[in-house]
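Source file: entry-v1.csv. Holds: CSV, C-alpha atoms.
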```
chain,number,residue,atom,x,y,z
A,1,MET,CA,-10.8,-27.8,-9.8
A,2,VAL,CA,-8.5,-25.7,-7.7
A,3,VAL,CA,-8.3,-27.1,-4.2
A,4,GLU,CA,-7.4,-24.5,-1.7
A,5,SER,CA,-4.8,-25.8,0.8
A,6,GLU,CA,-5.2,-25.3,4.5
A,7,SER,CA,-2.1,-23.1,4.6
A,8,THR,CA,-3.6,-20.9,1.8
A,9,LYS,CA,-6.9,-20.6,3.5
A,10,ASP,CA,-5.3,-19.5,6.8
A,11,GLU,CA,-3.2,-16.8,5.1
A,12,SER,CA,-5.0,-13.9,6.7
A,13,VAL,CA,-3.2,-10.6,6.9
A,14,ILE,CA,-5.9,-9.3,9.2
A,15,ASP,CA,-8.1,-11.5,11.4
A,16,VAL,CA,-10.9,-9.8,13.3
A,17,GLN,CA,-12.6,-12.1,15.8
A,18,ASP,CA,-15.8,-11.2,17.7
A,19,LEU,CA,-14.7,-7.6,17.9
A,20,VAL,CA,-16.7,-5.4,20.3
A,21,THR,CA,-15.9,-1.8,21.0
A,22,TYR,CA,-17.6,1.2,22.7
A,23,TYR,CA,-17.4,4.9,22.6
A,24,GLY,CA,-18.5,5.7,26.2
A,25,THR,CA,-21.5,3.6,26.7
A,26,ARG,CA,-22.4,3.4,23.1
A,27,LYS,CA,-21.6,0.1,21.4
A,28,ILE,CA,-19.9,0.9,18.0
A,29,LEU,CA,-18.9,-2.5,16.9
A,30,ASP,CA,-20.8,-5.6,17.9
A,31,GLN,CA,-19.3,-9.1,17.3
A,32,VAL,CA,-17.6,-8.2,14.1
A,33,ASN,CA,-15.7,-11.1,12.4
A,34,LEU,CA,-13.6,-10.6,9.3
A,35,LYS,CA,-10.5,-12.2,7.7
A,36,VAL,CA,-8.7,-10.2,5.1
A,37,ARG,CA,-6.7,-12.6,2.8
A,38,SER,CA,-3.3,-11.9,1.4
A,39,GLY,CA,-3.5,-10.0,-1.9
A,40,GLU,CA,-7.2,-9.3,-1.8
A,41,ILE,CA,-9.0,-5.9,-2.0
A,42,MET,CA,-11.5,-5.8,0.9
A,43,VAL,CA,-14.0,-3.0,0.8
A,44,ILE,CA,-15.7,-2.0,4.0
A,45,MET,CA,-19.0,-0.2,3.4
A,46,GLY,CA,-21.8,1.2,5.5
A,47,GLY,CA,-23.6,4.4,6.2
A,48,SER,CA,-22.5,7.2,8.6
A,49,GLY,CA,-22.2,5.8,12.1
A,50,SER,CA,-22.1,2.2,10.9
A,51,GLY,CA,-18.7,1.7,12.6
A,52,LYS,CA,-16.5,1.4,9.5
A,53,SER,CA,-14.1,4.1,10.5
A,54,THR,CA,-13.8,2.6,14.0
A,55,LEU,CA,-13.1,-0.8,12.4
A,56,LEU,CA,-10.4,0.8,10.4
A,57,ARG,CA,-8.8,2.3,13.5
A,58,HIS,CA,-8.7,-1.2,15.1
A,59,MET,CA,-7.1,-2.6,12.0
A,60,LEU,CA,-4.4,0.1,12.3
A,61,ALA,CA,-3.9,-0.9,15.9
A,62,LEU,CA,-5.0,2.6,17.1
A,63,ASN,CA,-7.9,1.3,19.2
A,64,GLN,CA,-8.1,-1.5,21.8
A,65,PRO,CA,-11.1,-3.9,21.6
A,66,ALA,CA,-13.4,-4.0,24.6
A,67,ALA,CA,-13.9,-7.7,23.7
A,68,GLY,CA,-12.8,-10.0,21.0
A,69,ALA,CA,-9.5,-9.8,19.3
A,70,ILE,CA,-7.7,-8.6,16.2
A,71,ARG,CA,-4.5,-10.1,14.7
A,72,LEU,CA,-2.3,-8.3,12.2
A,73,PHE,CA,0.1,-10.5,10.2
A,74,GLY,CA,-0.8,-13.2,12.7
A,75,LYS,CA,0.1,-11.1,15.8
A,76,ASP,CA,-2.1,-9.5,18.4
A,77,PRO,CA,-1.0,-5.8,18.5
A,78,SER,CA,-2.0,-5.5,22.2
A,79,LYS,CA,0.6,-8.1,23.1
A,80,LEU,CA,3.5,-6.5,21.2
A,81,SER,CA,6.2,-4.3,22.5
A,82,ALA,CA,6.6,-0.8,21.1
A,83,PRO,CA,9.4,-1.8,18.7
A,84,GLN,CA,7.4,-4.9,17.5
A,85,LEU,CA,4.3,-2.7,16.9
A,86,HIS,CA,6.5,-0.2,15.1
A,87,ALA,CA,7.9,-3.0,12.8
A,88,ILE,CA,4.3,-4.1,12.0
A,89,ARG,CA,3.2,-0.5,11.3
A,90,GLN,CA,6.2,-0.2,8.9
A,91,ARG,CA,4.6,-2.9,6.8
A,92,MET,CA,1.4,-0.8,6.6
A,93,GLY,CA,0.5,2.2,4.5
A,94,VAL,CA,-2.4,4.5,5.1
A,95,SER,CA,-4.0,7.0,2.7
A,96,PHE,CA,-6.2,9.2,4.8
A,97,GLN,CA,-9.5,10.7,3.7
A,98,ASN,CA,-8.3,14.3,3.7
A,99,GLY,CA,-4.8,13.4,2.6
A,100,ALA,CA,-3.2,14.5,5.9
A,101,LEU,CA,-0.3,16.1,4.0
A,102,PHE,CA,2.1,18.4,5.9
A,103,ASN,CA,1.2,21.9,4.7
A,104,SER,CA,4.7,23.2,5.3
A,105,LEU,CA,6.3,20.5,3.1
A,106,ASN,CA,6.2,20.3,-0.7
A,107,VAL,CA,4.8,17.3,-2.5
A,108,GLU,CA,8.2,15.5,-2.8
A,109,GLU,CA,9.1,16.2,0.9
A,110,ASN,CA,5.7,14.9,2.0
A,111,VAL,CA,6.1,11.6,0.0
A,112,ALA,CA,9.7,11.2,1.3
A,113,PHE,CA,8.8,11.9,4.9
A,114,PRO,CA,8.3,8.3,6.0
A,115,LEU,CA,11.7,7.3,4.5
A,116,ARG,CA,13.5,10.1,6.3
A,117,GLU,CA,11.7,9.2,9.5
A,118,HIS,CA,12.1,5.5,9.4
A,119,THR,CA,15.1,4.6,7.3
A,120,ARG,CA,18.8,5.5,7.0
A,121,LEU,CA,18.8,5.4,3.2
A,122,ASP,CA,21.0,7.7,1.2
A,123,GLU,CA,19.4,11.0,0.4
A,124,ASN,CA,19.7,10.2,-3.4
A,125,THR,CA,17.9,6.9,-2.9
A,126,ILE,CA,15.2,8.6,-0.9
A,127,ARG,CA,14.6,11.3,-3.5
A,128,ILE,CA,14.5,8.8,-6.4
A,129,MET,CA,12.1,6.6,-4.4
A,130,ALA,CA,9.8,9.5,-3.7
A,131,ARG,CA,9.8,10.6,-7.4
A,132,MET,CA,9.2,7.0,-8.5
A,133,LYS,CA,6.1,6.9,-6.4
A,134,LEU,CA,4.9,10.3,-7.8
A,135,GLU,CA,5.4,8.8,-11.3
A,136,VAL,CA,3.2,5.8,-10.2
A,137,VAL,CA,0.4,8.1,-9.1
A,138,ASN,CA,0.8,10.4,-12.2
A,139,LEU,CA,2.1,13.4,-10.2
A,140,ALA,CA,5.4,13.6,-12.0
A,141,GLY,CA,6.4,17.2,-12.4
A,142,PHE,CA,4.5,18.4,-9.4
A,143,GLU,CA,7.2,17.6,-6.9
A,144,LYS,CA,7.8,21.2,-5.8
A,145,LEU,CA,4.2,22.2,-5.4
A,146,MET,CA,2.8,22.9,-1.9
A,147,PRO,CA,-0.3,21.0,-0.8
A,148,SER,CA,-2.3,24.2,-0.9
A,149,GLN,CA,-1.6,24.4,-4.7
A,150,LEU,CA,-3.1,20.9,-5.4
A,151,SER,CA,-6.6,20.0,-6.5
A,152,GLY,CA,-8.6,17.5,-4.4
A,153,GLY,CA,-7.6,14.6,-6.7
A,154,MET,CA,-4.0,15.5,-6.6
A,155,VAL,CA,-4.0,15.6,-2.8
A,156,LYS,CA,-5.4,12.1,-2.8
A,157,ARG,CA,-2.8,10.9,-5.2
A,158,ALA,CA,0.1,12.6,-3.2
A,159,ALA,CA,-1.3,10.9,-0.1
A,160,LEU,CA,-1.3,7.6,-1.9
A,161,ALA,CA,2.3,8.1,-3.1
A,162,ARG,CA,3.3,8.7,0.5
A,163,ALA,CA,1.3,5.6,1.7
A,164,ILE,CA,3.2,3.3,-0.7
A,165,VAL,CA,6.6,4.9,-0.5
A,166,MET,CA,7.8,2.2,2.0
A,167,ASP,CA,6.4,-0.6,-0.2
A,168,PRO,CA,3.8,-1.7,2.3
A,169,SER,CA,2.4,-5.2,2.2
A,170,LEU,CA,-0.9,-3.9,3.7
A,171,LEU,CA,-2.5,-0.7,2.4
A,172,PHE,CA,-5.5,1.2,3.8
A,173,PHE,CA,-7.6,3.7,2.1
A,174,ASP,CA,-10.1,5.8,4.0
A,175,GLU,CA,-12.7,7.2,1.6
A,176,PRO,CA,-10.4,7.4,-1.5
A,177,SER,CA,-13.2,8.7,-3.8
A,178,ALA,CA,-14.8,11.2,-1.4
A,179,GLY,CA,-15.2,14.6,-2.9
A,180,LEU,CA,-13.8,13.6,-6.3
A,181,ASP,CA,-15.6,13.8,-9.6
A,182,PRO,CA,-16.5,10.5,-11.3
A,183,VAL,CA,-13.6,10.5,-13.8
A,184,VAL,CA,-10.9,11.3,-11.2
A,185,SER,CA,-12.5,8.7,-8.9
A,186,ALA,CA,-12.4,6.0,-11.6
A,187,ASP,CA,-8.8,6.9,-12.3
A,188,LEU,CA,-8.0,6.4,-8.6
A,189,ASP,CA,-9.8,3.0,-8.7
A,190,GLU,CA,-7.7,1.9,-11.6
A,191,LEU,CA,-4.6,3.0,-9.7
A,192,ILE,CA,-5.6,0.9,-6.7
A,193,LEU,CA,-6.1,-2.2,-8.9
A,194,ARG,CA,-2.7,-1.6,-10.6
A,195,LEU,CA,-0.9,-1.3,-7.2
A,196,ARG,CA,-2.5,-4.6,-6.0
A,197,ASP,CA,-1.4,-6.4,-9.2
A,198,ALA,CA,2.1,-5.0,-9.3
A,199,MET,CA,3.0,-4.9,-5.7
A,200,LYS,CA,0.9,-7.9,-4.5
A,201,VAL,CA,-0.3,-5.7,-1.7
A,202,THR,CA,-3.3,-6.5,0.4
A,203,ILE,CA,-5.7,-3.5,0.3
A,204,VAL,CA,-8.5,-2.5,2.7
A,205,VAL,CA,-10.7,0.3,1.4
A,206,VAL,CA,-13.3,2.1,3.6
A,207,THR,CA,-15.8,3.8,1.4
A,208,HIS,CA,-19.5,4.7,0.9
A,209,GLU,CA,-19.1,5.0,-2.8
A,210,LEU,CA,-20.9,2.1,-4.4
A,211,ASP,CA,-19.5,2.5,-7.9
A,212,SER,CA,-16.0,2.5,-6.6
A,213,ALA,CA,-16.6,-0.5,-4.3
A,214,PHE,CA,-18.0,-2.6,-7.1
A,215,ARG,CA,-15.1,-1.7,-9.4
A,216,ILE,CA,-12.3,-2.6,-7.1
A,217,ALA,CA,-13.5,-5.1,-4.5
A,218,ASP,CA,-12.7,-8.8,-4.3
A,219,ARG,CA,-15.0,-8.9,-1.3
A,220,ILE,CA,-17.2,-6.4,0.4
A,221,LEU,CA,-18.1,-6.2,4.1
A,222,VAL,CA,-21.2,-4.1,4.8
A,223,LEU,CA,-21.6,-2.8,8.3
A,224,ASP,CA,-24.9,-1.7,9.8
A,225,LYS,CA,-25.1,-0.2,13.3
A,226,GLY,CA,-21.9,-1.9,14.2
A,227,LYS,CA,-22.8,-5.4,13.0
A,228,VAL,CA,-21.8,-7.3,9.9
A,229,LEU,CA,-24.8,-7.1,7.5
A,230,ILE,CA,-23.2,-9.1,4.8
A,231,LEU,CA,-19.7,-10.3,3.8
A,232,GLY,CA,-19.3,-11.5,0.3
A,233,THR,CA,-18.1,-11.0,-3.3
A,234,VAL,CA,-19.5,-8.1,-5.4
A,235,ASP,CA,-22.0,-10.5,-7.0
A,236,GLU,CA,-23.1,-11.9,-3.7
A,237,VAL,CA,-23.7,-8.4,-2.3
A,238,LYS,CA,-25.5,-7.2,-5.4
A,239,SER,CA,-27.8,-10.3,-5.4
A,240,SER,CA,-28.5,-10.2,-1.7
A,241,ASP,CA,-32.2,-10.2,-0.9
A,242,ASN,CA,-31.5,-8.6,2.5
A,243,LYS,CA,-33.7,-5.5,2.7
A,244,ARG,CA,-31.1,-3.4,4.5
A,245,VAL,CA,-28.4,-4.4,1.9
A,246,GLN,CA,-30.8,-3.4,-0.9
A,247,ASN,CA,-31.6,-0.1,0.8
A,248,LEU,CA,-27.9,0.6,1.0
A,249,LEU,CA,-27.4,-0.3,-2.7
A,250,ASN,CA,-30.4,1.9,-3.6
A,251,ARG,CA,-29.3,4.6,-1.3
A,252,LYS,CA,-32.5,4.6,0.7
A,253,SER,CA,-32.4,6.0,4.2
A,254,GLU,CA,-34.2,4.3,7.0
A,255,ASP,CA,-35.9,5.6,10.0
A,256,VAL,CA,-33.7,5.4,13.0
A,257,ILE,CA,-35.1,3.2,15.7
A,258,VAL,CA,-33.8,4.1,19.1
A,259,ASN,CA,-33.5,2.2,22.3
A,260,PRO,CA,-35.5,4.6,24.6
A,261,ASP,CA,-33.5,3.8,27.8
A,262,GLU,CA,-30.1,4.1,26.1
A,263,TYR,CA,-31.2,7.3,24.3
A,264,LEU,CA,-32.4,9.0,27.4
A,265,GLN,CA,-29.2,8.0,29.2
A,266,ARG,CA,-27.1,9.4,26.4
A,267,LEU,CA,-29.0,12.7,26.5
A,268,THR,CA,-28.8,13.1,30.3
A,269,ASP,CA,-25.4,11.4,31.1
A,270,ASP,CA,-23.2,13.4,33.4
A,271,LEU,CA,-25.8,16.3,33.8
A,272,ALA,CA,-25.8,18.1,37.2
A,273,GLY,CA,-28.5,17.1,39.6
A,274,LEU,CA,-29.7,14.0,37.7
B,1,MET,CA,21.2,-10.4,-0.3
B,2,THR,CA,24.6,-11.6,-1.7
B,3,TYR,CA,26.5,-10.5,-4.7
B,4,LEU,CA,29.2,-11.6,-7.1
B,5,ILE,CA,31.2,-9.5,-9.5
B,6,GLU,CA,32.7,-11.0,-12.7
B,7,GLU,CA,34.3,-9.6,-15.8
B,8,LYS,CA,32.8,-10.5,-19.2
B,9,ASN,CA,34.3,-8.9,-22.3
B,10,ASP,CA,34.2,-5.1,-21.7
B,11,TYR,CA,31.7,-5.4,-18.9
B,12,LEU,CA,31.7,-5.9,-15.2
B,13,VAL,CA,28.7,-8.1,-14.3
B,14,VAL,CA,27.2,-7.7,-10.9
B,15,TYR,CA,25.1,-10.7,-9.9
B,16,LEU,CA,22.6,-9.8,-7.2
B,17,GLU,CA,21.0,-12.7,-5.3
B,18,GLY,CA,18.2,-13.0,-2.8
B,19,GLU,CA,16.0,-10.2,-1.5
B,20,VAL,CA,17.0,-6.6,-2.3
B,21,ASP,CA,15.1,-4.6,0.2
B,22,LEU,CA,15.5,-1.6,2.6
B,23,SER,CA,18.0,-3.5,4.7
B,24,CYS,CA,20.5,-4.3,2.0
B,25,SER,CA,19.8,-1.9,-0.9
B,26,PRO,CA,22.5,0.5,0.4
B,27,GLU,CA,25.0,-2.3,-0.1
B,28,ALA,CA,23.7,-2.9,-3.7
B,29,ARG,CA,24.0,0.8,-4.3
B,30,ARG,CA,27.6,0.9,-3.1
B,31,VAL,CA,28.6,-2.1,-5.2
B,32,ILE,CA,27.0,-0.6,-8.3
B,33,LEU,CA,28.5,2.8,-7.8
B,34,ASP,CA,32.0,1.4,-7.0
B,35,CYS,CA,32.0,-0.6,-10.3
B,36,LEU,CA,31.1,2.6,-12.2
B,37,GLN,CA,33.8,4.5,-10.3
B,38,LYS,CA,36.3,2.2,-12.0
B,39,GLN,CA,35.0,3.5,-15.4
B,40,ARG,CA,33.7,0.1,-16.4
B,41,HIS,CA,30.6,-0.8,-18.4
B,42,LEU,CA,28.1,-2.5,-16.1
B,43,LEU,CA,25.6,-5.2,-16.3
B,44,VAL,CA,23.4,-6.0,-13.3
B,45,ASP,CA,22.0,-9.5,-13.4
B,46,LEU,CA,18.8,-9.9,-11.4
B,47,SER,CA,18.0,-13.5,-12.4
B,48,ARG,CA,18.6,-14.7,-8.9
B,49,VAL,CA,16.8,-11.9,-7.2
B,50,SER,CA,13.7,-13.2,-5.5
B,51,TYR,CA,12.4,-9.8,-4.5
B,52,ILE,CA,13.4,-6.2,-5.1
B,53,ASP,CA,11.7,-3.2,-3.5
B,54,SER,CA,11.7,0.4,-4.4
B,55,SER,CA,14.9,1.2,-2.6
B,56,GLY,CA,16.7,-1.5,-4.7
B,57,VAL,CA,15.2,-0.1,-7.9
B,58,ALA,CA,16.2,3.4,-6.8
B,59,SER,CA,19.8,2.1,-6.5
B,60,LEU,CA,19.6,0.8,-10.1
B,61,VAL,CA,18.2,4.2,-11.3
B,62,GLU,CA,21.0,6.1,-9.7
B,63,GLY,CA,23.6,3.7,-11.1
B,64,TYR,CA,22.1,4.1,-14.6
B,65,GLN,CA,22.2,7.9,-14.3
B,66,VAL,CA,25.8,7.8,-13.1
B,67,SER,CA,26.8,5.5,-16.0
B,68,ARG,CA,25.3,7.9,-18.5
B,69,SER,CA,27.1,10.9,-17.0
B,70,LYS,CA,30.4,8.9,-17.5
B,71,ASN,CA,29.4,7.7,-21.0
B,72,LEU,CA,29.5,4.1,-19.8
B,73,ASN,CA,27.0,1.3,-20.8
B,74,PHE,CA,24.6,0.0,-18.2
B,75,ALA,CA,21.9,-2.7,-18.6
B,76,LEU,CA,19.8,-5.0,-16.6
B,77,VAL,CA,19.6,-8.7,-17.4
B,78,GLY,CA,17.5,-11.6,-16.2
B,79,VAL,CA,14.8,-9.4,-14.8
B,80,SER,CA,12.2,-11.7,-13.2
B,81,ASP,CA,8.4,-11.1,-13.7
B,82,ASN,CA,8.1,-9.8,-10.2
B,83,ALA,CA,10.9,-7.3,-10.7
B,84,LEU,CA,9.5,-6.3,-14.0
B,85,ASN,CA,6.2,-5.6,-12.4
B,86,VAL,CA,7.9,-3.2,-10.0
B,87,LEU,CA,9.7,-1.5,-12.8
B,88,LYS,CA,6.6,-1.3,-15.0
B,89,LEU,CA,4.5,0.3,-12.2
B,90,ALA,CA,6.9,3.3,-12.3
B,91,ARG,CA,7.3,3.0,-16.1
B,92,LEU,CA,11.0,2.2,-15.6
B,93,ASP,CA,10.8,-0.6,-18.1
B,94,GLN,CA,10.8,2.2,-20.6
B,95,VAL,CA,13.9,3.6,-19.2
B,96,PHE,CA,16.4,0.8,-18.5
B,97,PRO,CA,18.1,-1.2,-21.2
B,98,ILE,CA,16.8,-4.7,-20.3
B,99,TYR,CA,18.1,-7.9,-21.9
B,100,THR,CA,17.0,-11.5,-21.3
B,101,SER,CA,20.6,-12.7,-20.7
B,102,ILE,CA,24.2,-11.6,-20.8
B,103,GLU,CA,24.7,-13.6,-23.9
B,104,ALA,CA,21.8,-11.8,-25.6
B,105,LEU,CA,23.4,-8.4,-24.9
B,106,LEU,CA,26.9,-9.4,-25.9
B,107,GLN,CA,25.6,-10.9,-29.2
B,108,GLY,CA,23.6,-7.7,-29.9
B,109,GLY,CA,20.2,-9.3,-29.2
B,110,SER,CA,17.3,-8.1,-27.0
```
Show how you would write the structure in this file as structure tokens.
Amino acid sequence: MVVESESTKDESVIDVQDLVTYYGTRKILDQVNLKVRSGEIMVIMGGSGSGKSTLLRHMLALNQPAAGAIRLFGKDPSKLSAPQLHAIRQRMGVSFQNGALFNSLNVEENVAFPLREHTRLDENTIRIMARMKLEVVNLAGFEKLMPSQLSGGMVKRAALARAIVMDPSLLFFDEPSAGLDPVVSADLDELILRLRDAMKVTIVVVTHELDSAFRIADRILVLDKGKVLILGTVDEVKSSDNKRVQNLLNRKSEDVIVNPDEYLQRLTDDLAGL
Amino acid sequence: MTYLIEEKNDYLVVYLEGEVDLSCSPEARRVILDCLQKQRHLLVDLSRVSYIDSSGVASLVEGYQVSRSKNLNFALVGVSDNALNVLKLARLDQVFPIYTSIEALLQGGS
């Protein structure tokens, strides 16, 4: 039997504690708790409006919690100086849903951008590094293409190459499979797994694609209306007898139940004469 | 990162030690290119490297390309599993001549 030592157990790259956040008066995340362990692939799932993208923004230290706390690499981002926060962000890579490539830069320049922005490496080193990462994502030979010339899958892979160009120890994917056909999506999943194994990188994936989640996840967090519905391994999530989890797995929509007072307030907030 | 340079037969051997990352890969690059500037065959021993990032690997790639343009030999020896994983990810294990040890290279082994 393998006994997990205390130090191993506490090796959380991300530690979310009782996180609460609002957009206006609307509660988006409600008492969310989550520890992402070093080297694991954590998949965050949930329907539209479940709060998964907001949770991602907190993990990127872009949002401040209304209550609760978040720690990245053991540090509370709200208590860091700008240079300290910058140093933490340099250890993180993000692959955005739409790629977020610079339209005026070609593929290689896009991938090299973080290196030119954040390092003083020799130009030769920068170009070799960018091309290595394009090789990793199977985009070798497409260096000179502009983003407008790329397919959806190629945009995702170029964005991934840029996300890993600084060798991050923590990598985020926002909807990596969205808009991709199943074969391209499966290729991307394979790539994510290869990266984790080769670079020992901790990966957080936000997705609503079940097939992809089950292929790559070590653990899955399912959010529902801002609350943690379940946190467990793929098998634990699949075998859950929770009705809402099963509805999510079976892609059944549910009637939205509103709080009448809050709903009325949302509809009439800030209106003249009310 | 620290380094040591020794002569062995026709080769200069650069022993890199410690972590080769963004902060010190420019020094590794300079050392490698300086050796090649002396028109010497080069071995880079990575057996004491605990971590090498992409910038370190890029320095090796540039060194290898420079050695080829000068018709000099270049090889990596003592590549750890971690370093090999980084090389494999970018398929560079298929590019570099890699030997288990300096002795293996000098005796014509693998």
May I have a table of the residues of chain A lying at most 12 Å from chain B, giving each one's closest pair of atoms and their distance in Å to one decimal, counting only C-alpha atoms, ordered by chain and ascending residue number, as JSON lines?
```
{"residue": "A:Gln90", "atom": "CA", "partner": "B:Leu22", "partner_atom": "CA", "distance": 11.3}
{"residue": "A:Arg91", "atom": "CA", "partner": "B:Leu22", "partner_atom": "CA", "distance": 11.8}
{"residue": "A:Ala112", "atom": "CA", "partner": "B:Ser55", "partner_atom": "CA", "distance": 11.9}
{"residue": "A:Leu115", "atom": "CA", "partner": "B:Leu22", "partner_atom": "CA", "distance": 9.9}
{"residue": "A:His118", "atom": "CA", "partner": "B:Leu22", "partner_atom": "CA", "distance": 10.4}
{"residue": "A:Thr119", "atom": "CA", "partner": "B:Leu22", "partner_atom": "CA", "distance": 7.8}
{"residue": "A:Arg120", "atom": "CA", "partner": "B:Leu22", "partner_atom": "CA", "distance": 9.0}
{"residue": "A:Leu121", "atom": "CA", "partner": "B:Pro26", "partner_atom": "CA", "distance": 6.7}
{"residue": "A:Asp122", "atom": "CA", "partner": "B:Pro26", "partner_atom": "CA", "distance": 7.4}
{"residue": "A:Glu123", "atom": "CA", "partner": "B:Ala58", "partner_atom": "CA", "distance": 10.9}
{"residue": "A:Asn124", "atom": "CA", "partner": "B:Glu62", "partner_atom": "CA", "distance": 7.6}
{"residue": "A:Thr125", "atom": "CA", "partner": "B:Ala58", "partner_atom": "CA", "distance": 5.5}
{"residue": "A:Ile126", "atom": "CA", "partner": "B:Ser55", "partner_atom": "CA", "distance": 7.6}
{"residue": "A:Arg127", "atom": "CA", "partner": "B:Ala58", "partner_atom": "CA", "distance": 8.7}
{"residue": "A:Ile128", "atom": "CA", "partner": "B:Ala58", "partner_atom": "CA", "distance": 5.7}
{"residue": "A:Met129", "atom": "CA", "partner": "B:Ala58", "partner_atom": "CA", "distance": 5.7}
{"residue": "A:Ala130", "atom": "CA", "partner": "B:Ser54", "partner_atom": "CA", "distance": 9.3}
{"residue": "A:Arg131", "atom": "CA", "partner": "B:Ala90", "partner_atom": "CA", "distance": 9.3}
{"residue": "A:Met132", "atom": "CA", "partner": "B:Ala90", "partner_atom": "CA", "distance": 5.8}
{"residue": "A:Lys133", "atom": "CA", "partner": "B:Ala90", "partner_atom": "CA", "distance": 7.0}
{"residue": "A:Leu134", "atom": "CA", "partner": "B:Ala90", "partner_atom": "CA", "distance": 8.6}
{"residue": "A:Glu135", "atom": "CA", "partner": "B:Ala90", "partner_atom": "CA", "distance": 5.8}
{"residue": "A:Val136", "atom": "CA", "partner": "B:Ala90", "partner_atom": "CA", "distance": 4.9}
{"residue": "A:Val137", "atom": "CA", "partner": "B:Ala90", "partner_atom": "CA", "distance": 8.7}
{"residue": "A:Asn138", "atom": "CA", "partner": "B:Ala90", "partner_atom": "CA", "distance": 9.4}
{"residue": "A:Leu139", "atom": "CA", "partner": "B:Ala90", "partner_atom": "CA", "distance": 11.4}
{"residue": "A:Ala140", "atom": "CA", "partner": "B:Ala90", "partner_atom": "CA", "distance": 10.4}
{"residue": "A:Ala161", "atom": "CA", "partner": "B:Ala90", "partner_atom": "CA", "distance": 11.4}
{"residue": "A:Ile164", "atom": "CA", "partner": "B:Ser54", "partner_atom": "CA", "distance": 9.7}
{"residue": "A:Val165", "atom": "CA", "partner": "B:Ser54", "partner_atom": "CA", "distance": 7.8}
{"residue": "A:Met166", "atom": "CA", "partner": "B:Ser54", "partner_atom": "CA", "distance": 7.7}
{"residue": "A:Asp167", "atom": "CA", "partner": "B:Asp53", "partner_atom": "CA", "distance": 6.8}
{"residue": "A:Pro168", "atom": "CA", "partner": "B:Asp53", "partner_atom": "CA", "distance": 9.9}
{"residue": "A:Ser169", "atom": "CA", "partner": "B:Asp53", "partner_atom": "CA", "distance": 11.1}
{"residue": "A:Leu191", "atom": "CA", "partner": "B:Leu89", "partner_atom": "CA", "distance": 9.8}
{"residue": "A:Ile192", "atom": "CA", "partner": "B:Leu89", "partner_atom": "CA", "distance": 11.5}
{"residue": "A:Leu193", "atom": "CA", "partner": "B:Leu89", "partner_atom": "CA", "distance": 11.4}
{"residue": "A:Arg194", "atom": "CA", "partner": "B:Leu89", "partner_atom": "CA", "distance": 7.6}
{"residue": "A:Leu195", "atom": "CA", "partner": "B:Leu89", "partner_atom": "CA", "distance": 7.5}
{"residue": "A:Arg196", "atom": "CA", "partner": "B:Leu89", "partner_atom": "CA", "distance": 10.6}
{"residue": "A:Asp197", "atom": "CA", "partner": "B:Asn85", "partner_atom": "CA", "distance": 8.3}
{"residue": "A:Ala198", "atom": "CA", "partner": "B:Asn85", "partner_atom": "CA", "distance": 5.2}
{"residue": "A:Met199", "atom": "CA", "partner": "B:Val86", "partner_atom": "CA", "distance": 6.7}
{"residue": "A:Lys200", "atom": "CA", "partner": "B:Asn82", "partner_atom": "CA", "distance": 9.4}
{"residue": "A:Val201", "atom": "CA", "partner": "B:Val86", "partner_atom": "CA", "distance": 11.9}
```
Between CA of Val20 (chain B) and CA of Thr100 (chain B) - distance in Å to one decimal: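 So the two atoms, CA of Thr100 (chain B) and CA of Val20 (chain B), lie 19.6 Å apart.
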Two-atom distance - CA of Val16 (chain A), CA of Pro114 (chain A) (Å):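 CA of Pro114 (chain A) lies 27.4 Å from CA of Val16 (chain A).
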Which residue of B:Leu42, B:Ile52, B:Leu36, B:Ile102 approaches Asp10 (chain B) most closely, using only C-alpha atoms: B:Leu42
Pairwise distance for CA of Gly63 (chain B) and CA of Arg30 (chain B), rounded to one decimal in Å: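 Between these atoms lies a distance of 9.4 Å.
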Proximity to Asp218 (chain A) - best of A:Glu143, A:Glu40, A:Asp261, A:Glu109, only C-alpha atoms: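 Of A:Glu143, A:Glu40, A:Asp261, A:Glu109, the one nearest Asp218 (chain A), counting only C-alpha atoms, is A:Glu40.
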Minimum-distance residue to Val66 (chain B), chosen among B:Asp93, B:Glu6, B:Asp34, B:Asp45 (using all atoms listed in the file):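 Smallest separation from Val66 (chain B) among the options: B:Asp34.
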Taking (-11.7, 11.6, 1.5) in the file's coordinates as the center, which residues reach within 12 Å of it, counting all atoms listed in the file, put as a compact mmCIF listing (two decimals) with C-alpha atoms, keeping the file's coordinate frame?
```
# COMPACT_ATOMS: atom_id res chain seq x y z
CA SER A 53 -14.10 4.10 10.50
CA SER A 95 -4.00 7.00 2.70
CA PHE A 96 -6.20 9.20 4.80
CA GLN A 97 -9.50 10.70 3.70
CA ASN A 98 -8.30 14.30 3.70
CA GLY A 99 -4.80 13.40 2.60
CA ALA A 100 -3.20 14.50 5.90
CA GLY A 152 -8.60 17.50 -4.40
CA GLY A 153 -7.60 14.60 -6.70
CA MET A 154 -4.00 15.50 -6.60
CA VAL A 155 -4.00 15.60 -2.80
CA LYS A 156 -5.40 12.10 -2.80
CA ARG A 157 -2.80 10.90 -5.20
CA ALA A 159 -1.30 10.90 -0.10
CA LEU A 160 -1.30 7.60 -1.90
CA PHE A 173 -7.60 3.70 2.10
CA ASP A 174 -10.10 5.80 4.00
CA GLU A 175 -12.70 7.20 1.60
CA PRO A 176 -10.40 7.40 -1.50
CA SER A 177 -13.20 8.70 -3.80
CA ALA A 178 -14.80 11.20 -1.40
CA GLY A 179 -15.20 14.60 -2.90
CA LEU A 180 -13.80 13.60 -6.30
CA ASP A 181 -15.60 13.80 -9.60
CA SER A 185 -12.50 8.70 -8.90
CA LEU A 188 -8.00 6.40 -8.60
CA VAL A 205 -10.70 0.30 1.40
CA VAL A 206 -13.30 2.10 3.60
CA THR A 207 -15.80 3.80 1.40
CA HIS A 208 -19.50 4.70 0.90
CA GLU A 209 -19.10 5.00 -2.80
```
